[in-house]
Amino acid sequence: MRDDRVLDFDDESDGYGRQPWSTETPYANAPQRAEDEADAPRKKRDDDDPRDTPPPVIYGEEIDNPCNPVYVDGVPSANNCDPHRLDVSSTCTGTVTGFIFPGSRWDNRRGIGAAIEEINRSFAFFAQYCILLDLDQLTLNPRELRMLRAWYRDWYRRRLLPAVGGASHLGTTTIPTEVIDEYRGAMGDLQERATGLDVKLLVIFCDEYINNHRPSLGSSNRSDAHQIGITWIDRRSPYILAHELVHAFGKSAPDAPGDVTWDHKSACPRAITTIARTAGSRRPIDLSNRFLDIKEDVEIRNNRGGNLLECASGGCPAD
Ligand SMILES: [Zn+2]
């Protein structure tokens with residue numbers, strides 16, 4: 001147990017933990033923050049209308065014809081960037097755990113619906129390659145949710161915004177190290193809590209995210225843990241989760257990033273890992289109609305995210 005923790009989570013799970021994803025999960029229904037620039041004010045709050053929430057669909061075995069492994073080949077250089085089909089050698093399965101950060105703009109029915117859409121399309125992306133994913137969610141107790149929400153609000157208002165000179169400067173100004181470290185410490189504490197509840201890979205849907213190896217705001221993957229942050233700006237970036245999952249599945253251990261899957265090594269424009277925006281960009285990016293690079297697939301099936309994926313030879317059931 002570290003003694004420099006930012007957040008004090010309960011040691012006992014007291015009945016909470018991993019559960020099937022549900023839109024009935026307690027959420028804090030945070031009011032929109034007027035100072036945040038990313039979203040125009042909404043005319044009317046519709047977050048509590050259950051009719052606008054799509055039912056959760058877990059991709060995997062339910063997909064009619066999941067196996068259509070189409071690749072590009074761009075490592076170390078553009079060998080064949082025309083998408084082409086190659087059979088896979090194994091079927092892999094794994095579980096991804098989602099978490100809606102309390103008080104974030106994902107934390108209402110509309111936001112949860114957007115998260116589920118992104119999860120579904122990203123899981124469908126991997127199902128093409130016979131990597132079948134299931135979803136559950138991290139459920140913390142109400143005290144912990146309140147603590148996280150209060151911590152983030154305080155960090156955002158009292159630390160981040162003054163440090164960069166206001167919300168309009170987010171992504172354009174260097175963030176002081178101590179402000180970054182506070183964020184990373186808190187997310188590290190959350191990760192420890194999740195790991196204690198047997199979570200293998202935690203995907204946090206949050207307003208802002210800073211990982212541990214690149215001091216900028218944006219959706220990303222920690223190099224020292226199986227933790228992904230998907231930011232609110234990227235609600236308009238379809239398949240950003242699939243991109244981040246390539247990073248995670250290519251690791252050989254939670255703290256051991258892969259080679260081609262970590263460093264965006266494919267030279268093909270239609271590789272899922274080829275991303276045109278700069279770190280910290282406040283612009284969404286559309287990763288639709290992208291493919292795995294064959295070298296990324298090889299690394300994923302070799303490294304399997306450490307203990308994240310289980311793979312068995314035999315190819316796709318649909319073959
Ligand atoms: Zn990336």
# chains A, B, ... in the order shown; residues from 1 in each chain; ligands from 1
call {"tool": "residues_near_ligand", "arguments": {"ligand": "ligand 1", "cutoff": "7 Å", "atoms": "only C-alpha atoms and all ligand atoms", "output": "PyMOL selection string"}}
result
chain A and resi 220+243-244+247+262+264+273
call {"tool": "write_last_selection", "arguments": {"atoms": "C-alpha atoms", "output": "mmCIF file, in the first residue's frame"}}
result
data_model
loop_
_atom_site.group_PDB
_atom_site.id
_atom_site.type_symbol
_atom_site.label_atom_id
_atom_site.label_comp_id
_atom_site.auth_asym_id
_atom_site.auth_seq_id
_atom_site.Cartn_x
_atom_site.Cartn_y
_atom_site.Cartn_z
ATOM 1 C CA SER A 220 -4.805 7.602 -23.827
ATOM 2 C CA HIS A 243 -7.353 2.424 -30.943
ATOM 3 C CA GLU A 244 -6.563 2.464 -27.225
ATOM 4 C CA HIS A 247 -2.221 -0.415 -27.202
ATOM 5 C CA TRP A 262 2.551 0.988 -28.625
ATOM 6 C CA HIS A 264 1.904 3.733 -33.786
ATOM 7 C CA THR A 273 -3.351 3.108 -34.836
#
call {"tool": "residues_around", "arguments": {"residues": "segment 104-106 of chain A", "least_positions_apart": "4", "cutoff": "6 Å", "atoms": "only C-alpha atoms", "output": "PDB file with N, CA and C atoms, in the first residue's frame"}}
result
ATOM      1  N   GLY A 111     -24.825  10.431 -21.679  1.00  0.00           N
ATOM      2  CA  GLY A 111     -23.402  10.100 -21.714  1.00  0.00           C
ATOM      3  C   GLY A 111     -23.164   8.604 -21.674  1.00  0.00           C
ATOM      4  N   ILE A 112     -23.914   7.914 -20.830  1.00  0.00           N
ATOM      5  CA  ILE A 112     -23.777   6.459 -20.752  1.00  0.00           C
ATOM      6  C   ILE A 112     -24.148   5.833 -22.091  1.00  0.00           C
ATOM      7  N   CYS A 206     -14.200   9.856 -18.879  1.00  0.00           N
ATOM      8  CA  CYS A 206     -13.990  11.004 -18.001  1.00  0.00           C
ATOM      9  C   CYS A 206     -13.931  12.294 -18.823  1.00  0.00           C
ATOM     10  N   ASP A 207     -13.967  13.431 -18.130  1.00  0.00           N
ATOM     11  CA  ASP A 207     -13.895  14.711 -18.855  1.00  0.00           C
ATOM     12  C   ASP A 207     -12.499  14.943 -19.420  1.00  0.00           C
TER      13      ASP A 207
END
call {"tool": "select_by_dssp", "arguments": {"residues": "segment 256-306 of chain A", "states": "alpha helix (DSSP H)", "output": "number ranges by chain"}}
result
A: 294-303
call {"tool": "select_by_dssp", "arguments": {"residues": "segment 31-229 of chain A", "states": "strand (DSSP E or B)", "output": "count of residues only"}}
result
40
call {"tool": "residues_around", "arguments": {"residues": "Thr97 of chain A", "least_positions_apart": "3", "cutoff": "6 Å", "atoms": "only C-alpha atoms", "output": "JSON, numbers by chain"}}
result
{"A": [135, 136, 137, 201, 202]}
